[in-house]
Structure formats: C-alpha cells, structure tokens
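*Asks:* Handing you this structure, nothing more for now.
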Amino acid sequence: MAAPDAICTALNLHNKQKCTSRTQSSTSLFCSFHAKQVHGLYLGYKRRTAELTDLEKSPPKNLPKNFGVTDWSSFTSAKELKGIHTYLEQRYRLLNRCVTARDYHHSHFYGDTSDFGHQAFLDRLRTARNTVMNVLGRLENRMLEVVYKDEQWMAWVQALQREEDQRHEAEKKKVKAEHALFRENQARIEALREEEKVRRREKMEKEEVWDPIESIVEDVRGGYVALLCMLLRKEGVGEKMEEKALQTARELKMAENRGKSPVVKAGNSDETALVTFKEGRENEGKGMVARMEDEQDVEFVARPIKIDIGGPEESRTGNTLDAEKLATLEDIEDLSMRELVERMSRLASMERGVKSYNLKDREESLAQVRRESNAIREYLLIRLITKNPALLGVALESGSIDEFLHNPQVRNTDLRDLALGLSNSPLQNIRDACADYWAGVALEKEAAAIANGEEITAVSPTKGKGKQLAIGNSPPGKASNPKKSRKCIIINGEKIPISDPATQDQSDIVVLEERVKVCGRWIYNYPHERHLPRRGWFQFAMLTGCNLWKAIELCNSWEEFYELNVLSLQGYFVGTNMCKLDDNETLFNQHCRRMGFIPYAIATNAKQATGAAQSGRHQANGRTHVAAEYRNYICAHIARDHPGARRFIAFAKAWCSEVVIWARDCKTGEIIADPPNEHKWLHRTKAGAGRLSKAKWTVNQEFGTKWKTEIDANRTWRFKFRECIDVVIWDRWPAQEFEMFASNVLKLLNKGFKIKDHLSVMETTFNVYEKCSAEEEGEDSPKTIEARKILQEMKAYRKTKTADEMKGKHPQMFYDDVDEEIDWAYGIYDNDPYWKRVDGDEVDNMYDLLQKIHDAPSQAAHDRLKLSYFSLILKGALRPKIYKDSNLTDTPKTPLLLANGREIVLHRFPEIVDDDGDKNWEDDDSEDDCDTDSECSDIDDIWQTIRTEAEELEEWATQFAEDIFDGQLKKNRSEYEKFEAAKRFTMDLAKKENINSRTRKKLQDRQSALYAGGLNFIPKNSVYCKVITEYLWGEDMRHWGEVEDSWEILKDWELRAQHPPPRRSRVATDVLWKAWDDMVKSQGLTEQDVRDGDVKYPKDWDRIIRLTIAQLTKEGALNPSWSLSCHNAFVGGNPAKMYIDYRSLAPHIQPGPAPPDRYYLRNELRKFESANPGTRYSLFRMRSSEYFWPRPATSEDTSHTALQDPQGRIWEWTKQPKDCPYSEYDMHDTLCMIQKGPPSIDQYDQGKTEMEVFTRVRIDQVLVMGGGKERVWLAAGYFRKRPVGCDIDWSRSFVGVTAGFLEGLGEEWWD
C-alpha cells in the first residue's frame, strides 16, 4: 500500500525521467495521468496477445509442426512458400509488437517491483520471435532457389532492368531541378512533420484508451533511418534528424567505436558530439586536399642508385653496396640521361593520385572528394543489403537508397543491423565498395562506347585478374583466363546464378554480365577478386586513412600488390598514409621492392654484434675465452608464378658459397630450397676455459620452425593470397658488413629477373604506368602514349651506349651476354625439378630440346620438335640489338657443347641494309654440297659429322640387338634365365678373395651345373659389338638384313687419322701452366689471393669458364658446393678450353701403380708385329668427357677438388676430374681389372686370361692384337662395362687396321 504522500513510480515516455506527481490514491502506484497510460498499454498488449493466440491456432495446412528446424528443401512450390512466408511474417510482426509493448509496460511502470512471472512470459515471447526470424531467413533462401528453378526470378530482374534503363534518360534531366527544390523545401517539410508528431502525441496522451506501440515502433525506425542517413552523409539532413541519429547511436553503444564510426566524436554530451560531427562533415576532405597541395611537388624517387664496390681488401668477393646514396639530377653528367630522368619525373608527378583532382579550384576538389566518398558509402551499404535475402528482394524493387529505407517491408532489426555494419565496416568491405564504384565507372564508359558504335578493346574490370607485370627484361607471365561465369548475385557468400548466357546477345554480355541493380546502383559479383584500379586505392586511402601495411593485406593477388607497391614507391599516394611502407625504409629495401622482392624482416648488425676475447694463461682462473658470431638475414616474399622469382631461387642455391637460402611455396606449403642443418645457424657463441680455437660452438639461434614462428608473430603485415614464395636468405659468412650481403642479394635479383643495367629497374616502373594508364584512360590516351614513348626512349638511349657504360664499373652485378648464352643453351636456372614442368614440345634451351629430338617416340613428334628447334634458333638469332657494341655479325665463338656431343653457336643476324641496286651479287658464304674427304676440310665440321655417324651407327646396333634379344626370348626363355644365372655367378665370383678348398669345390660344382650343355643365348652387348665390329671391319652386312650404309666417314680411317678430334689435352701442358702463372704474377697476387678468388679474368676466359661449368652442371658432373676449399680455373690451348689448377693437391695424394708410358702400346704393337707380320689390329678408346672420367667421385675427392668460377661460386665434382693429379691411375686400374677378369676357380690354373694375352691397356686405351674380327668383337664386349662407366667411343677408335697405320698416327691419338 502506498503512503498518502507517495510519488508516482512511472517513467515519462518522452524523456524517460521519473514522474514527480503524487499518486491519485493511497492504494495506487501512479498518478492519474500515468494510471490511464498503464491501463491503455495493458489493454493494447492484451489485444495483440489475443491476436497472436488466434493466429497461432490457425496456421497454414502445409506448415510443418517443427517448422523451427525445417530446412524447407522438400518444398518445391513457390506459391506454398509464399503463403507460409506471409503467415510467418505476420506472426513475427505480432510477436515483435507484443514484446515491445510488454517491455515498455515492464520498464516504464514496474521498474522497481519486478514481476518474475511477467518477465518469464516476456522471455518466452522473445525466444519465439527469434525462432520465427531464423525460420524466415531460411525460408527466404529457399524461395530464391525455387524462383530461379521456375525461371521466374530472371524475368522479373530483366523487366526491372529494362524499365530502369528506359526511365534513366527521362529522369536524368529532372534530377538537377528536383535536387535544388528538395533542398529548399526539406527544412519546412521537416518542421511540419515534427509539429504533426507533437500534435499526435499530445492527442494520444489525452485519449481515454492509450496505445503507443505503433508510435514507438515508428519512432525507433525513424532513429535508425536518421542514423543511416548520417552515416551515408546524405544531404538535407536537418538538426532534428541529427539529434535523433545521435540518440540512436548512443543507445546502440556506438560511442565506444568512434575510431571506426564517423558519426560520434569525443564529447561528454549530445550537443558536444553533434557539434563535433557537423564540423567533421563540413571539413571533410579539406585536410586531405591541403596535404595534397603541400606535397604535390615531391621529388621523383626512381633514380639510379649509386653502387660503390670496393676492392679485395674490403671483402672476399669485392662487392659492397652503399644503400644510402641516391643519385641526383646534378650527379648525372650525361645530358641525354638527365633529360630522360627529368621526363620520367614529370610523368611520375603527373600520374600521382593528387592530379586526378583539380587543385586549382579548391571547392571543386572538395566537392569531387565528397561525391566519390558518398558514392562509396552507398556501395558499402548496398553490399550489406545484398547479404540479406529478404532485403535483396526489396532493394531490387527500390530505385534509390531513400526509397529502400522507407519501405515498410524492411524491418527495424534489419535497419539496426545495417547501421551497425555501416558504422563498423571492416577495411575489406570498404575496399570492395571502392571496387564496385570503379567497376561502375568503367562500365559506363563501355556502355557509352557501345552506344556510339566504338569497339571495346580494353579488358573489362569484371574479367578477373590482369596480366602479370614484366620485371626488367623478363617476359610477362601468362595471364590467367577466367572462365565465363553465369550472371548471378551473392547471397550470404554463395554465388546464385540468375541467367543463362546462351540466351543473351553478346552485346548484352559486355554491358550486363555479372551485375545486378540494387537500390538504383549496379553491383557486381565478387569485387574482391577483381583488380582495384589505382584511383580506387587512392580513394580508399583518403576514406580510411590506413597505412600501406593494411592496404597490402587487402590485395587479392600478387599482380595487384605489385602494382600498389610500385605506385607507392613512385609517390602516387602523396598526401595519404599509404605514401610509404615505413618512415625509416632504406633505399636498399625500396630497390628490392621495385624488383618484386618484398622484405618483411631484416637483420643488419652482424658486423657490430660479432666479437671475441681471450685472457692470458697467467690469470687467476687460467685462460678463459668468449666469442659470438652473427649472420645477416632477410625474410621476404617473392612472386610464385614469375619466372624471374624461380630463377632467383635457383641462382641463390647455386651461390651457396656466398648466401644460404630457404624457400617455401605458400600455395602448397612445400619446401623449394632447404639448406643442410649445419648451415642453418644465425647466432652462435663460445664461452669457457681454455683456448678459443679449441672450443666448440654453441648454436643459440638457428633457422627452424620455432625461429620462423617468432619472426611471423612480429610481422606488421601479411598477404591474404597464397600465390607467393616465402624466402629467408642469410649470409654464408659471419661478421659480414650488411652492404656486402645486400650487394650479393641484388646481384642474384638482377640475374634472376634478367636486369641488364641500372635503367632496367626504371622500366619496371613505367611498365606499371603504361598498364594503369591504358586501363583507366585507354591505349591512345596522352599519358599512355607518354609512358610508351619513355620506354622507347630508354631502349634508344641504350643503343647509344656500350654495355660497359650502361652497367657501370661492376658489370658482374647484372645479367650479361654469358648468362644469356647459358640460358639459351642449357637453361640450368629455369628447370628447377620442384616445379615439375610439363614442357611438351615447348623447351626453353637447346640442350633439352636436342635430347627430346633424339628420344622422339615417332616421326610426327620428331617433326614437331624440329619446328621448336628452328624456332629457338631464330629466337637467338633475332635477339634485338640492345647496346651500341652489340654484335651484329658474331665473331667466331667457342661452340656450346650440347647433348650427344653436338655443338652449336649462339648467333645474331646482321642488321638489314638497304638494297644498293647491284644485281650481280653472290653470296660469299654460300657453299655447294661437297664431298667430305675433299672440300669440307674444316675440322669442326668433319668431327661433327663423325660424331653424328657414330651415334647413328650405335642407335642402329642397339635396336638390332634389341630385336635379336626379343627373338631369343620368344624362342626359349629358359636359356635366358640360365644365362642370367651364369652372369650373376660370375659377378659374385669377382667379389671373392682368398677362396679356400671347400668353397672352391662348391663353386666348381655350381659352375659345372650352370655351364652344362653350354650357354645357347647371345647377350645384347655381344650382338651390339659384333655388328659394329663387322661394319667397321668392312664386312658384307647383307646377312644381317637391310643395313643403311651411310656412315662412310666413320669407316675412312685415313681421314680421321689426319684430323685428330678438336678436344683439349688430357692435362695442361707446360706452356699453359706458364701462361697462367704469368697472368697471376702480373696482377701482383699471392697464393692466398688466388685461393680467395681475387683473380681478375679476361672477358674471353670468363665466358669460357662459365659456359663450361654450365655445360658440366647440365651433364650432372658438377653441383653447387657447400665447401669453402676450392681451386681456380683457367683457360688455354687451341681451341681454348678450361683447365683447373690442382697442383697444390699433388703432395697430399698417394698414388697407386703408375700406368705405362705413352710409348707402351706402340712398343707392344711392334713386338707382336715382328712375331706375327701382317696381323690386323684394333685400337679402342673408352668414352669420356674432355674434363672428367666416367668414374664417380668419392666424398673425399668431392671435398678436395671443388673449383671456383670467376663470379665466386664454388662447384664440386660428381665425377673424377681429369685435371686432378694421378686421376688417370684410377682409370688405368679399372681397365686392368676388367682385363684380368674374375679369379679362376681352378687353383692350378692361375695363368693369364685370353684378354691379358692378346690385349694391352693404358689409361683409357685398349690395343687388341690379332685373332681376326671375332677376337675384336669379343674384346669390345668384354671391355664394354657400362655399369662401371666403361664404354667404347667408336668415333675415336680404329678397327681392323694394320700396324703401319697405327705407327703413323700422331701423338694426339696416343695421349
């Protein structure tokens, strides 16, 4: 019971303040006014509760009882779904009003005396409302699917589009006049509306039955609409709407998000917040334009970096980079170069985002900024609408956002969610809205062009990703060709098609493909997959104020990121926070970013952090020591699909003497490059008692999963795409100056991306400018033409300079002609096995192409590959003239050795000259077909023919032996199995030593069983040697079948004897050693300097050594070495060949028995000839490379025989190098073992074998004496042991010749 003087406990509805009136009686809780209100409110919600109860009792017949968990997939009729939707929508509205009425009743009149039963009923209503709302969402999704299936949705959307297109032109003329009239009458309309609301409220409060629910719902809706209008910066928003919007924002607790919301600013009251918001809206864009005006003259940053490279005393390889030196225009003495740089600077300044606004007219610039930002906000709202199926249907019927906001089908909760989403939009949504805006701009241009009958050549912004940007002189990667997608819309992240392109005209596809009009604006499918143009990024920077780190995280492809990266480097985003990646970014980082190598973590203090100290042994605690070593490292990302990035990794793996690289494919997660564990340390220490030199290192920090996780955790930015490679590269040497390490990284980048000079890096920038200008303004726009002219002038400028002038003092830093020859001939840096390339007929190097031609399975495949061969020849011959001193008619070069012993020279066609009118001209280089033994006297041509004939003969013999072998298998397979068992027995016997009598008896029994009845099976090796021997012996081959006798030069012993093969000598002669020593002495180098690789090679030596190493690497004889102990290569002889200085190894090798002298075979020949005059002889030469024996190198040989090339790389052998002292001893020992054969089982028969009696061996030569052709082919098959690396080189062997012929051979044949 209330006291007599009790105060009313109700809250006023209009201001939510407590009532100060007295209660109307001692038993009442309210005054007379609020007693009427509570009674009217009670009757109102009772009436709605009754309506809800009646509605629940009469549901549609097809409504499932458990509709709360029904997925509606079994419903296929749009009519049934529409009826259920209407019922549930009505039920939702009643539930919402019941909840609102009871909530107001409880909160305004019974706030202090809680009624738990009342609260429980209210909670039940809220649960029922949420259930119905969720069911409506699933039902609306199903309705869209059914409508599409019944082909009603598309007809409806197309009708709306056609109607909108027809009205567009008619309404366009009315917009300006209506806009002005709207602004004049808006204030008066708003005042009248407010007066009407006050009058209605007073009238309702005086009525005897008061029901405020509809007014409350409408008032809440008005607050949400006002808030959305303010968030969208709509014009004509009065003070009352602003106050209502601010009140709604405070109720939604948006004040906490003022950093994200442009509505609520700092302040302690509504008035303060409102004033702050008004000032922000009025000043929007002014600060940005002011910053643009102040910074529009920022200097051009794409200038040549000065690279100062020190001498040998500064570093081991003599390369350092001063990353803080940047050339100025005054530093450029060349007037042509200065003019070119000034022109580039003008274009870069003209191409900045600032220049897209008219800064001369400040008001016009501000108005443009506001128009664009408001349009993007509307697209942002439309994106939110599109995600809701119920709102999408309303939005498609609405002609504008205002019409959509005032549509009664849009629920209050939907408006609330839109306001919250718009005020707290993530950066990704803003980026998508910018993409929609610029897609619309581009589409309008296309539509206008089509309307005017113009041909569209530019790529549509809706067509997926653009082409990959070319870096340096590398060819651009293949652009992805997106499939034509069907017209569709996005519903909750799902792509729902709404048309069949087969039923549309092609012109309609160009204009209307992948778009739908929502609230009067076109919106496109999946804008986040499209390339955002640079003006879109500039708008994004102005709207969000975010830095470049955040923008990088929003890029959806490497191509988009790289373009954004280059534009940022060139100052395109001047006036925004995206102008720089880091305030302290060095020029080295900028240079790397420009080349597509993006660092995200760098350690530069290895030199400063490394040190060591040791005390004397007379200290109180004895001798103690402490030491620490650090390595510099760089963590970076690089493009996955760019060939230059893959080449960079291949070069770094080959340069393991200078850098260590780890690389991971971010797309697959697989490791591309992983160094040995002993080279993964980054920081190690020594500390303790004793000598420093004897202590062991303790690794404190090494590359691994833990270290990489820590680095990634501290990153300031990350990519959202996975088409990149994660690279960690660190210095091989501790305590290295970072400039030295940075110089090595730049060298690898230059060679990987084929950067030929300093100017090539600038070409990267203007490739981006040309691409962007062409996309935005067309191929024929002034800016596009200017960018294209600058690129042409760069090429023209190069032609006025020599290669040395363009590359500067240190040409080894750049991609040069030798690198180009290596790529063309061998491609050792373009064929990393990780990428599992499926080349087909497209091979990028001559070595692999010739191998494919040789192994072609059919004549058709052979012909196709021949076309590729000629194409690659033309590619090399038609190389453009880059520099002034580019060879027009190539001077004679050392041929490049390819697969199967073939040689080729990389030529360039001469320049085309005008016809001088002389009709009596002849081609001086033309030659008629000639007989080999008369006119074709060139030794290289002769031996090329000889090698080809020998190869063809071997192929024929191999195929013939295969046919014989297959025939024997079909006839009697048991004989083959018996032969294989005997072969295994012999091989096992060769491994046995010191056989005792008991074992000998078992072996004899086994041998007797195996050879009982003889071996009636001829192995392939014997057939192979027999047919070749008979052919070279000069026998009639007709009994072997059809033999194409076209290898006459191979049978011409006299011709071959007169022209020894143009091979290098097995070891260097005294003349070559003297020339090498004289060159080292002339440079004033010590033995230590030579070991450190400080020798300066002549250009021709550099070329021959690098090409030879590339050839040996392709053949598998050389691999990059982790060893730092190496020997130097030099060049000598005629023709010039590479040799290796292994003289320092000779004292440390203990050789075995020496082979006989060079006259041994001739002396044995004379002895046998004197006893058997007129005998025919054969001289076999084992097949081997000019540089190595076919025997594999041992691990000890590998570590001690590594060689260093002129660029500082260290290579190790997988085969035994011929230059190594005493290497021929091993080859001779191998042939002696083959000659001796397996040990005899008969202990009384330990004499010489037949091969030991009739053959003599020396190093890699075998002399077969007498016995006719049968002995020759048996000996050939006996010594041809390919598993141990022995095979006969028939082109350098002689079969069935006389002693006089062999006596007449030159010394070259006996070396």
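Letters A, B, ... mark the chains of the structure tokens in the order given; residue numbers begin at 1 per chain; ligand numbers begin at 1, in order shown.
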Please return, as an NGL selection string, all residues of range 606-742 of chain A that DSSP assigns to helix (DSSP H, G or I) on the basis of the backbone.

*Replies:* :A and (606-609 or 643-654 or 677-679 or 705-713 or 738-742)

*Asks:* Could you name the residues that touch Ala961 in chain A at 9 Å or less, counting only C-alpha atoms, but leaving out those on the same chain fewer than 6 positions away, as a ChimeraX atom specification?

*Replies:* /A:1019-1024,1027

*Asks:* Produce a file of the selected residues containing N, CA and C atoms, as a PDB file, in the first residue's frame.

*Replies:*
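As written to disk, again.pdb reads:
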```pdb
ATOM      1  N   PRO A1019      73.986 -62.475 -75.504  1.00  0.00           N
ATOM      2  CA  PRO A1019      73.531 -61.247 -74.830  1.00  0.00           C
ATOM      3  C   PRO A1019      73.494 -60.062 -75.785  1.00  0.00           C
ATOM      4  N   LYS A1020      72.732 -59.056 -75.409  1.00  0.00           N
ATOM      5  CA  LYS A1020      72.604 -57.861 -76.255  1.00  0.00           C
ATOM      6  C   LYS A1020      73.947 -57.182 -76.480  1.00  0.00           C
ATOM      7  N   ASN A1021      74.788 -57.152 -75.455  1.00  0.00           N
ATOM      8  CA  ASN A1021      76.081 -56.482 -75.577  1.00  0.00           C
ATOM      9  C   ASN A1021      76.933 -57.142 -76.656  1.00  0.00           C
ATOM     10  N   SER A1022      76.901 -58.469 -76.733  1.00  0.00           N
ATOM     11  CA  SER A1022      77.702 -59.181 -77.743  1.00  0.00           C
ATOM     12  C   SER A1022      77.187 -58.912 -79.143  1.00  0.00           C
ATOM     13  N   VAL A1023      75.869 -58.921 -79.310  1.00  0.00           N
ATOM     14  CA  VAL A1023      75.299 -58.635 -80.632  1.00  0.00           C
ATOM     15  C   VAL A1023      75.649 -57.203 -81.048  1.00  0.00           C
ATOM     16  N   TYR A1024      75.525 -56.288 -80.118  1.00  0.00           N
ATOM     17  CA  TYR A1024      75.840 -54.873 -80.382  1.00  0.00           C
ATOM     18  C   TYR A1024      77.283 -54.725 -80.872  1.00  0.00           C
ATOM     19  N   VAL A1027      77.988 -56.533 -84.530  1.00  0.00           N
ATOM     20  CA  VAL A1027      77.537 -55.874 -85.768  1.00  0.00           C
ATOM     21  C   VAL A1027      78.359 -54.615 -86.028  1.00  0.00           C
TER      22      VAL A1027
END
```

*Asks:* May I have the residues within 8 Å of Arg343 in chain A as a count of residues only, using only C-alpha atoms and disregarding those fewer than 4 positions away in the same chain?

*Replies:* 3

*Asks:* Would you mind listing what lies within 9 Å of Ser1223 in chain A as JSON, numbers by chain, with only C-alpha atoms counted and same-chain residues fewer than 5 positions away left out?

*Replies:* {"A": [1151, 1189, 1216, 1217, 1218]}

*Asks:* Rank nothing, just name the residue among A:Leu1112, A:Ala628, A:Leu420, A:Leu865 nearest to Gln851 in chain A, using only C-alpha atoms.

*Replies:*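 Result for the nearest residue to Gln851 in chain A: A:Leu865.
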
*Asks:* I need the residue nearest Trp1211 in chain A from this list: A:Lys653, A:Lys18, A:Arg1183, A:Lys680. Use only C-alpha atoms for the distance.

*Replies:*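 Closest residue, counting only C-alpha atoms: A:Lys653.
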